[in-house]
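So this block is upload.pdb, PDB, N, CA and C atoms:
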```pdb
ATOM      1  N   MET A   1      -7.925  26.031  16.770
ATOM      2  CA  MET A   1      -7.092  25.419  15.760
ATOM      3  C   MET A   1      -7.961  25.041  14.567
ATOM      4  N   CYS A   2      -7.542  25.419  13.376
ATOM      5  CA  CYS A   2      -8.305  25.152  12.163
ATOM      6  C   CYS A   2      -7.912  23.788  11.598
ATOM      7  N   GLU A   3      -8.895  22.953  11.373
ATOM      8  CA  GLU A   3      -8.622  21.615  10.863
ATOM      9  C   GLU A   3      -8.508  21.656   9.346
ATOM     10  N   GLN A   4      -7.500  20.940   8.805
ATOM     11  CA  GLN A   4      -7.314  20.885   7.357
ATOM     12  C   GLN A   4      -8.423  20.059   6.719
ATOM     13  N   PRO A   5      -8.759  20.362   5.448
ATOM     14  CA  PRO A   5      -9.738  19.532   4.755
ATOM     15  C   PRO A   5      -9.251  18.092   4.658
ATOM     16  N   ALA A   6     -10.187  17.151   4.650
ATOM     17  CA  ALA A   6      -9.837  15.730   4.622
ATOM     18  C   ALA A   6      -8.975  15.388   3.416
ATOM     19  N   TYR A   7      -9.262  15.975   2.251
ATOM     20  CA  TYR A   7      -8.486  15.648   1.058
ATOM     21  C   TYR A   7      -7.024  16.049   1.228
ATOM     22  N   ARG A   8      -6.770  17.156   1.923
ATOM     23  CA  ARG A   8      -5.393  17.613   2.126
ATOM     24  C   ARG A   8      -4.639  16.649   3.023
ATOM     25  N   ARG A   9      -5.269  16.223   4.084
ATOM     26  CA  ARG A   9      -4.619  15.265   4.986
ATOM     27  C   ARG A   9      -4.349  13.957   4.246
ATOM     28  N   MET A  10      -5.305  13.511   3.407
ATOM     29  CA  MET A  10      -5.119  12.267   2.659
ATOM     30  C   MET A  10      -3.951  12.410   1.688
ATOM     31  N   ASN A  11      -3.865  13.543   0.995
ATOM     32  CA  ASN A  11      -2.740  13.752   0.076
ATOM     33  C   ASN A  11      -1.415  13.733   0.816
ATOM     34  N   ASP A  12      -1.387  14.322   2.003
ATOM     35  CA  ASP A  12      -0.168  14.309   2.808
ATOM     36  C   ASP A  12       0.214  12.886   3.203
ATOM     37  N   LEU A  13      -0.784  12.098   3.575
ATOM     38  CA  LEU A  13      -0.515  10.705   3.934
ATOM     39  C   LEU A  13       0.029   9.928   2.742
ATOM     40  N   VAL A  14      -0.601  10.101   1.590
ATOM     41  CA  VAL A  14      -0.149   9.398   0.382
ATOM     42  C   VAL A  14       1.294   9.780   0.073
ATOM     43  N   GLU A  15       1.600  11.060   0.131
ATOM     44  CA  GLU A  15       2.969  11.517  -0.141
ATOM     45  C   GLU A  15       3.963  10.917   0.844
ATOM     46  N   GLU A  16       3.583  10.879   2.099
ATOM     47  CA  GLU A  16       4.466  10.316   3.131
ATOM     48  C   GLU A  16       4.713   8.823   2.888
ATOM     49  N   PHE A  17       3.637   8.086   2.637
ATOM     50  CA  PHE A  17       3.797   6.652   2.387
ATOM     51  C   PHE A  17       4.553   6.392   1.088
ATOM     52  N   GLU A  18       4.274   7.175   0.051
ATOM     53  CA  GLU A  18       4.970   6.971  -1.227
ATOM     54  C   GLU A  18       6.463   7.257  -1.084
ATOM     55  N   ALA A  19       6.812   8.305  -0.359
ATOM     56  CA  ALA A  19       8.228   8.633  -0.156
ATOM     57  C   ALA A  19       8.950   7.494   0.552
ATOM     58  N   ARG A  20       8.297   6.927   1.553
ATOM     59  CA  ARG A  20       8.918   5.806   2.270
ATOM     60  C   ARG A  20       9.086   4.606   1.349
ATOM     61  N   LEU A  21       8.033   4.284   0.597
ATOM     62  CA  LEU A  21       8.081   3.116  -0.283
ATOM     63  C   LEU A  21       9.099   3.284  -1.402
ATOM     64  N   THR A  22       9.093   4.437  -2.075
ATOM     65  CA  THR A  22      10.034   4.627  -3.180
ATOM     66  C   THR A  22      11.466   4.722  -2.667
ATOM     67  N   GLY A  23      11.658   5.283  -1.482
ATOM     68  CA  GLY A  23      12.991   5.319  -0.898
ATOM     69  C   GLY A  23      13.519   3.925  -0.593
ATOM     70  N   ARG A  24      12.643   3.064  -0.207
ATOM     71  CA  ARG A  24      13.024   1.704   0.168
ATOM     72  C   ARG A  24      13.115   0.764  -1.034
ATOM     73  N   TYR A  25      12.149   0.876  -1.984
ATOM     74  CA  TYR A  25      12.044  -0.114  -3.059
ATOM     75  C   TYR A  25      12.172   0.449  -4.466
ATOM     76  N   GLY A  26      12.042   1.741  -4.651
ATOM     77  CA  GLY A  26      11.968   2.312  -5.996
ATOM     78  C   GLY A  26      10.514   2.427  -6.419
ATOM     79  N   GLU A  27      10.274   2.590  -7.710
ATOM     80  CA  GLU A  27       8.916   2.804  -8.218
ATOM     81  C   GLU A  27       8.012   1.591  -8.066
ATOM     82  N   PHE A  28       8.584   0.395  -8.091
ATOM     83  CA  PHE A  28       7.804  -0.836  -7.983
ATOM     84  C   PHE A  28       8.136  -1.566  -6.683
ATOM     85  N   VAL A  29       7.104  -1.951  -5.957
ATOM     86  CA  VAL A  29       7.299  -2.728  -4.723
ATOM     87  C   VAL A  29       7.479  -4.188  -5.145
ATOM     88  N   PRO A  30       8.592  -4.812  -4.756
ATOM     89  CA  PRO A  30       8.875  -6.179  -5.198
ATOM     90  C   PRO A  30       8.051  -7.220  -4.441
ATOM     91  N   PRO A  31       7.968  -8.422  -5.018
ATOM     92  CA  PRO A  31       7.167  -9.481  -4.398
ATOM     93  C   PRO A  31       7.588  -9.805  -2.967
ATOM     94  N   SER A  32       8.879  -9.723  -2.689
ATOM     95  CA  SER A  32       9.365 -10.065  -1.348
ATOM     96  C   SER A  32       8.842  -9.116  -0.278
ATOM     97  N   ALA A  33       8.427  -7.925  -0.682
ATOM     98  CA  ALA A  33       7.939  -6.934   0.272
ATOM     99  C   ALA A  33       6.457  -6.621   0.107
ATOM    100  N   LEU A  34       5.905  -6.898  -1.062
ATOM    101  CA  LEU A  34       4.537  -6.469  -1.361
ATOM    102  C   LEU A  34       3.528  -7.028  -0.372
ATOM    103  N   TRP A  35       3.623  -8.298  -0.076
ATOM    104  CA  TRP A  35       2.648  -8.905   0.839
ATOM    105  C   TRP A  35       2.714  -8.266   2.222
ATOM    106  N   LYS A  36       3.906  -7.905   2.662
ATOM    107  CA  LYS A  36       4.043  -7.259   3.979
ATOM    108  C   LYS A  36       3.463  -5.847   3.955
ATOM    109  N   GLU A  37       3.770  -5.099   2.897
ATOM    110  CA  GLU A  37       3.284  -3.719   2.792
ATOM    111  C   GLU A  37       1.766  -3.663   2.686
ATOM    112  N   LEU A  38       1.147  -4.736   2.184
ATOM    113  CA  LEU A  38      -0.311  -4.791   2.078
ATOM    114  C   LEU A  38      -0.960  -5.436   3.298
ATOM    115  N   GLY A  39      -0.168  -5.718   4.316
ATOM    116  CA  GLY A  39      -0.714  -6.176   5.585
ATOM    117  C   GLY A  39      -1.063  -7.649   5.676
ATOM    118  N   PHE A  40      -0.558  -8.457   4.757
ATOM    119  CA  PHE A  40      -0.829  -9.891   4.838
ATOM    120  C   PHE A  40       0.122 -10.535   5.828
ATOM    121  N   ALA A  41      -0.368 -11.541   6.543
ATOM    122  CA  ALA A  41       0.437 -12.209   7.572
ATOM    123  C   ALA A  41       1.552 -13.059   6.965
ATOM    124  N   THR A  42       1.291 -13.630   5.798
ATOM    125  CA  THR A  42       2.280 -14.483   5.145
ATOM    126  C   THR A  42       2.217 -14.287   3.633
ATOM    127  N   ALA A  43       3.291 -14.703   2.956
ATOM    128  CA  ALA A  43       3.295 -14.663   1.496
ATOM    129  C   ALA A  43       2.220 -15.591   0.942
ATOM    130  N   ALA A  44       1.989 -16.716   1.625
ATOM    131  CA  ALA A  44       0.958 -17.665   1.178
ATOM    132  C   ALA A  44      -0.432 -17.041   1.249
ATOM    133  N   SER A  45      -0.716 -16.278   2.294
ATOM    134  CA  SER A  45      -2.035 -15.640   2.389
ATOM    135  C   SER A  45      -2.199 -14.577   1.305
ATOM    136  N   PHE A  46      -1.116 -13.912   0.947
ATOM    137  CA  PHE A  46      -1.160 -12.952  -0.153
ATOM    138  C   PHE A  46      -1.444 -13.663  -1.475
ATOM    139  N   ARG A  47      -0.738 -14.766  -1.730
ATOM    140  CA  ARG A  47      -0.963 -15.524  -2.974
ATOM    141  C   ARG A  47      -2.401 -16.022  -3.060
ATOM    142  N   LYS A  48      -2.945 -16.472  -1.947
ATOM    143  CA  LYS A  48      -4.337 -16.943  -1.936
ATOM    144  C   LYS A  48      -5.288 -15.788  -2.246
ATOM    145  N   ALA A  49      -5.093 -14.643  -1.610
ATOM    146  CA  ALA A  49      -5.930 -13.477  -1.878
ATOM    147  C   ALA A  49      -5.802 -13.044  -3.336
ATOM    148  N   LEU A  50      -4.606 -13.128  -3.875
ATOM    149  CA  LEU A  50      -4.382 -12.777  -5.276
ATOM    150  C   LEU A  50      -5.162 -13.708  -6.196
ATOM    151  N   SER A  51      -5.138 -14.997  -5.895
ATOM    152  CA  SER A  51      -5.855 -15.970  -6.730
ATOM    153  C   SER A  51      -7.368 -15.797  -6.623
ATOM    154  N   GLN A  52      -7.828 -15.205  -5.533
ATOM    155  CA  GLN A  52      -9.259 -14.972  -5.329
ATOM    156  C   GLN A  52      -9.663 -13.534  -5.658
ATOM    157  N   ALA A  53      -8.757 -12.790  -6.284
ATOM    158  CA  ALA A  53      -8.999 -11.389  -6.669
ATOM    159  C   ALA A  53      -9.427 -10.525  -5.485
ATOM    160  N   ARG A  54      -8.774 -10.715  -4.334
ATOM    161  CA  ARG A  54      -9.090  -9.941  -3.130
ATOM    162  C   ARG A  54      -7.982  -8.958  -2.756
ATOM    163  N   VAL A  55      -7.025  -8.752  -3.647
ATOM    164  CA  VAL A  55      -5.959  -7.783  -3.397
ATOM    165  C   VAL A  55      -6.447  -6.438  -3.909
ATOM    166  N   GLU A  56      -6.374  -5.419  -3.079
ATOM    167  CA  GLU A  56      -7.017  -4.135  -3.360
ATOM    168  C   GLU A  56      -6.161  -3.149  -4.150
ATOM    169  N   VAL A  57      -5.004  -3.562  -4.619
ATOM    170  CA  VAL A  57      -4.193  -2.722  -5.501
ATOM    171  C   VAL A  57      -3.910  -3.509  -6.771
ATOM    172  N   GLU A  58      -3.619  -2.776  -7.834
ATOM    173  CA  GLU A  58      -3.286  -3.438  -9.091
ATOM    174  C   GLU A  58      -1.893  -4.057  -8.975
ATOM    175  N   VAL A  59      -1.802  -5.332  -9.264
ATOM    176  CA  VAL A  59      -0.517  -6.024  -9.265
ATOM    177  C   VAL A  59      -0.257  -6.533 -10.680
ATOM    178  N   PHE A  60       1.016  -6.713 -10.999
ATOM    179  CA  PHE A  60       1.384  -7.121 -12.352
ATOM    180  C   PHE A  60       2.670  -7.932 -12.312
ATOM    181  N   ASP A  61       2.908  -8.642 -13.397
ATOM    182  CA  ASP A  61       4.129  -9.420 -13.552
ATOM    183  C   ASP A  61       5.108  -8.631 -14.418
ATOM    184  N   ILE A  62       6.382  -8.887 -14.223
ATOM    185  CA  ILE A  62       7.427  -8.321 -15.062
ATOM    186  C   ILE A  62       8.123  -9.494 -15.729
ATOM    187  N   ALA A  63       8.242  -9.427 -17.043
ATOM    188  CA  ALA A  63       8.858 -10.517 -17.801
ATOM    189  C   ALA A  63      10.247 -10.837 -17.246
ATOM    190  N   GLY A  64      10.471 -12.126 -17.030
ATOM    191  CA  GLY A  64      11.767 -12.574 -16.538
ATOM    192  C   GLY A  64      11.957 -12.455 -15.037
ATOM    193  N   ARG A  65      10.935 -12.010 -14.332
ATOM    194  CA  ARG A  65      11.017 -11.871 -12.879
ATOM    195  C   ARG A  65       9.918 -12.694 -12.244
ATOM    196  N   ARG A  66      10.184 -13.246 -11.090
ATOM    197  CA  ARG A  66       9.181 -14.032 -10.363
ATOM    198  C   ARG A  66       8.338 -13.143  -9.468
ATOM    199  N   GLY A  67       7.065 -13.505  -9.334
ATOM    200  CA  GLY A  67       6.195 -12.842  -8.379
ATOM    201  C   GLY A  67       5.469 -11.639  -8.946
ATOM    202  N   SER A  68       4.633 -11.068  -8.095
ATOM    203  CA  SER A  68       3.789  -9.934  -8.465
ATOM    204  C   SER A  68       4.364  -8.646  -7.898
ATOM    205  N   PHE A  69       4.311  -7.613  -8.707
ATOM    206  CA  PHE A  69       4.792  -6.293  -8.332
ATOM    207  C   PHE A  69       3.606  -5.335  -8.273
ATOM    208  N   ALA A  70       3.800  -4.195  -7.621
ATOM    209  CA  ALA A  70       2.792  -3.131  -7.611
ATOM    210  C   ALA A  70       3.529  -1.799  -7.617
ATOM    211  N   ARG A  71       2.864  -0.787  -8.147
ATOM    212  CA  ARG A  71       3.449   0.554  -8.111
ATOM    213  C   ARG A  71       3.449   1.059  -6.676
ATOM    214  N   ALA A  72       4.520   1.709  -6.303
ATOM    215  CA  ALA A  72       4.620   2.277  -4.950
ATOM    216  C   ALA A  72       3.482   3.260  -4.689
ATOM    217  N   LEU A  73       3.101   4.039  -5.692
ATOM    218  CA  LEU A  73       2.020   5.008  -5.519
ATOM    219  C   LEU A  73       0.697   4.312  -5.215
ATOM    220  N   ASP A  74       0.407   3.209  -5.896
ATOM    221  CA  ASP A  74      -0.834   2.471  -5.640
ATOM    222  C   ASP A  74      -0.855   1.916  -4.218
ATOM    223  N   VAL A  75       0.272   1.376  -3.794
ATOM    224  CA  VAL A  75       0.371   0.841  -2.428
ATOM    225  C   VAL A  75       0.227   1.985  -1.421
ATOM    226  N   ALA A  76       0.829   3.128  -1.713
ATOM    227  CA  ALA A  76       0.733   4.286  -0.810
ATOM    228  C   ALA A  76      -0.717   4.754  -0.668
ATOM    229  N   HIS A  77      -1.453   4.789  -1.771
ATOM    230  CA  HIS A  77      -2.874   5.164  -1.699
ATOM    231  C   HIS A  77      -3.640   4.182  -0.816
ATOM    232  N   TRP A  78      -3.385   2.904  -0.988
ATOM    233  CA  TRP A  78      -4.072   1.884  -0.181
ATOM    234  C   TRP A  78      -3.718   2.067   1.300
ATOM    235  N   GLN A  79      -2.428   2.238   1.602
ATOM    236  CA  GLN A  79      -2.006   2.413   2.988
ATOM    237  C   GLN A  79      -2.630   3.661   3.604
ATOM    238  N   ALA A  80      -2.727   4.733   2.846
ATOM    239  CA  ALA A  80      -3.327   5.968   3.357
ATOM    240  C   ALA A  80      -4.810   5.761   3.664
ATOM    241  N   ARG A  81      -5.528   5.039   2.793
ATOM    242  CA  ARG A  81      -6.948   4.767   3.055
ATOM    243  C   ARG A  81      -7.101   3.941   4.326
ATOM    244  N   VAL A  82      -6.274   2.921   4.467
ATOM    245  CA  VAL A  82      -6.349   2.067   5.659
ATOM    246  C   VAL A  82      -6.019   2.885   6.907
ATOM    247  N   TYR A  83      -4.948   3.638   6.859
ATOM    248  CA  TYR A  83      -4.543   4.442   8.011
ATOM    249  C   TYR A  83      -5.592   5.490   8.358
ATOM    250  N   SER A  84      -6.124   6.133   7.361
ATOM    251  CA  SER A  84      -7.135   7.155   7.578
ATOM    252  C   SER A  84      -8.368   6.563   8.263
ATOM    253  N   GLY A  85      -8.779   5.397   7.829
ATOM    254  CA  GLY A  85      -9.921   4.725   8.442
ATOM    255  C   GLY A  85      -9.667   4.349   9.883
ATOM    256  N   ARG A  86      -8.473   3.958  10.199
ATOM    257  CA  ARG A  86      -8.136   3.576  11.564
ATOM    258  C   ARG A  86      -8.002   4.783  12.478
ATOM    259  N   ARG A  87      -7.603   5.896  11.947
ATOM    260  CA  ARG A  87      -7.388   7.092  12.774
ATOM    261  C   ARG A  87      -8.675   7.569  13.426
ATOM    262  N   ARG A  88      -9.809   7.320  12.798
ATOM    263  CA  ARG A  88     -11.075   7.794  13.357
ATOM    264  C   ARG A  88     -11.376   7.132  14.689
ATOM    265  N   HIS A  89     -10.776   5.993  14.957
ATOM    266  CA  HIS A  89     -11.047   5.262  16.182
ATOM    267  C   HIS A  89      -9.962   5.456  17.242
ATOM    268  N   ALA A  90      -8.965   6.264  16.907
ATOM    269  CA  ALA A  90      -7.874   6.508  17.847
ATOM    270  C   ALA A  90      -8.333   7.458  18.951
ATOM    271  N   LYS A  91      -7.625   7.410  20.075
ATOM    272  CA  LYS A  91      -7.911   8.339  21.171
ATOM    273  C   LYS A  91      -7.655   9.754  20.695
ATOM    274  N   GLN A  92      -8.479  10.665  21.122
ATOM    275  CA  GLN A  92      -8.329  12.073  20.721
ATOM    276  C   GLN A  92      -7.719  12.850  21.849
TER     277      GLN A  92
END
```
Full structure transcribed into structure tokens:
Amino acid sequence: MCEQPAYRRMNDLVEEFEARLTGRYGEFVPPSALWKELGFATAASFRKALSQARVEVEVFDIAGRRGSFARALDVAHWQARVYSGRRRHAKQ
């Protein structure tokens, strides 16, 4: 069996995660979901990480809306990196 190049598998992961995120939230992941999608245990832990500049995706505010948003694509890239790193330790 021929193994695909790592970049191809990563692109597939990003596409899969982005499709799920955009299907669920649209182009921007809302504050109510962002902390969960980034793996934080609570919204408070996300806010603390945000205040300490420890959030690994670009987040932004939208005028007239509460909380921090992120692009679904940015979150998908982060999720793919995390998943890819964990896969190396999975049973083969």
**Request:** On this file, the PyMOL selection byres (((chain A and resi 35-39 and name CA) around 9) and name CA) gives some set of residues; write that set as a ChimeraX atom specification.
**Result:** /A:21,29,31-34,40-47,55-57,75,78-79
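When the PyMOL selection byres ((chain A and resi 69) around 6.5) is evaluated against the file, it yields Phe28, Val29, Pro30, Pro31, Glu58, Val59, Phe60, Asp61, Ile62, Gly67, Ser68, Ala70 and Arg71 of chain A.
The smallest atom-to-atom distance between Ala19 in chain A and any of A:Ser51, A:Arg81, A:Ala76, A:Arg86, using all atoms listed in the file, is found for A:Ala76.
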**Message:** For the alpha helix (DSSP H) assignment from backbone DSSP, which residues of chain A qualify? Please present them as a ChimeraX atom specification.
**Reply:** /A:6-25,31-37,43-51,72-87
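Within chain A, the backbone-based DSSP assignment of strand (DSSP E or B) covers A:Phe28, A:Val29, A:Phe60, A:Phe69, A:Ala70, A:Arg71.
Taking atom C of Val14 in chain A and atom N of Arg66 in chain A as the two end points, the separation is 27.1 Å.
Interatomic distance, atom C of Arg9 in chain A to atom N of Gly23 in chain A: 19.1 Å.
Between CA of Asp74 in chain A and CA of Glu18 in chain A the interatomic distance comes to 8.6 Å.
The residue that comes closest to Thr22 in chain A, out of A:Val82, A:Met10, A:Ala53, A:Ala72 and on the basis of all atoms listed in the file, is A:Ala72.
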To test the calculation: enclose all listed atoms of range 71-84 of chain A in a box whose edges run along x, y and z, add 6 Å on each side, then state centre and edge lengths in Å to one decimal, as lines of an AutoDock Vina configuration file.
```
center_x = -1.9
center_y = 3.2
center_z = 0.1
size_x = 25.0
size_y = 19.9
size_z = 28.5
```
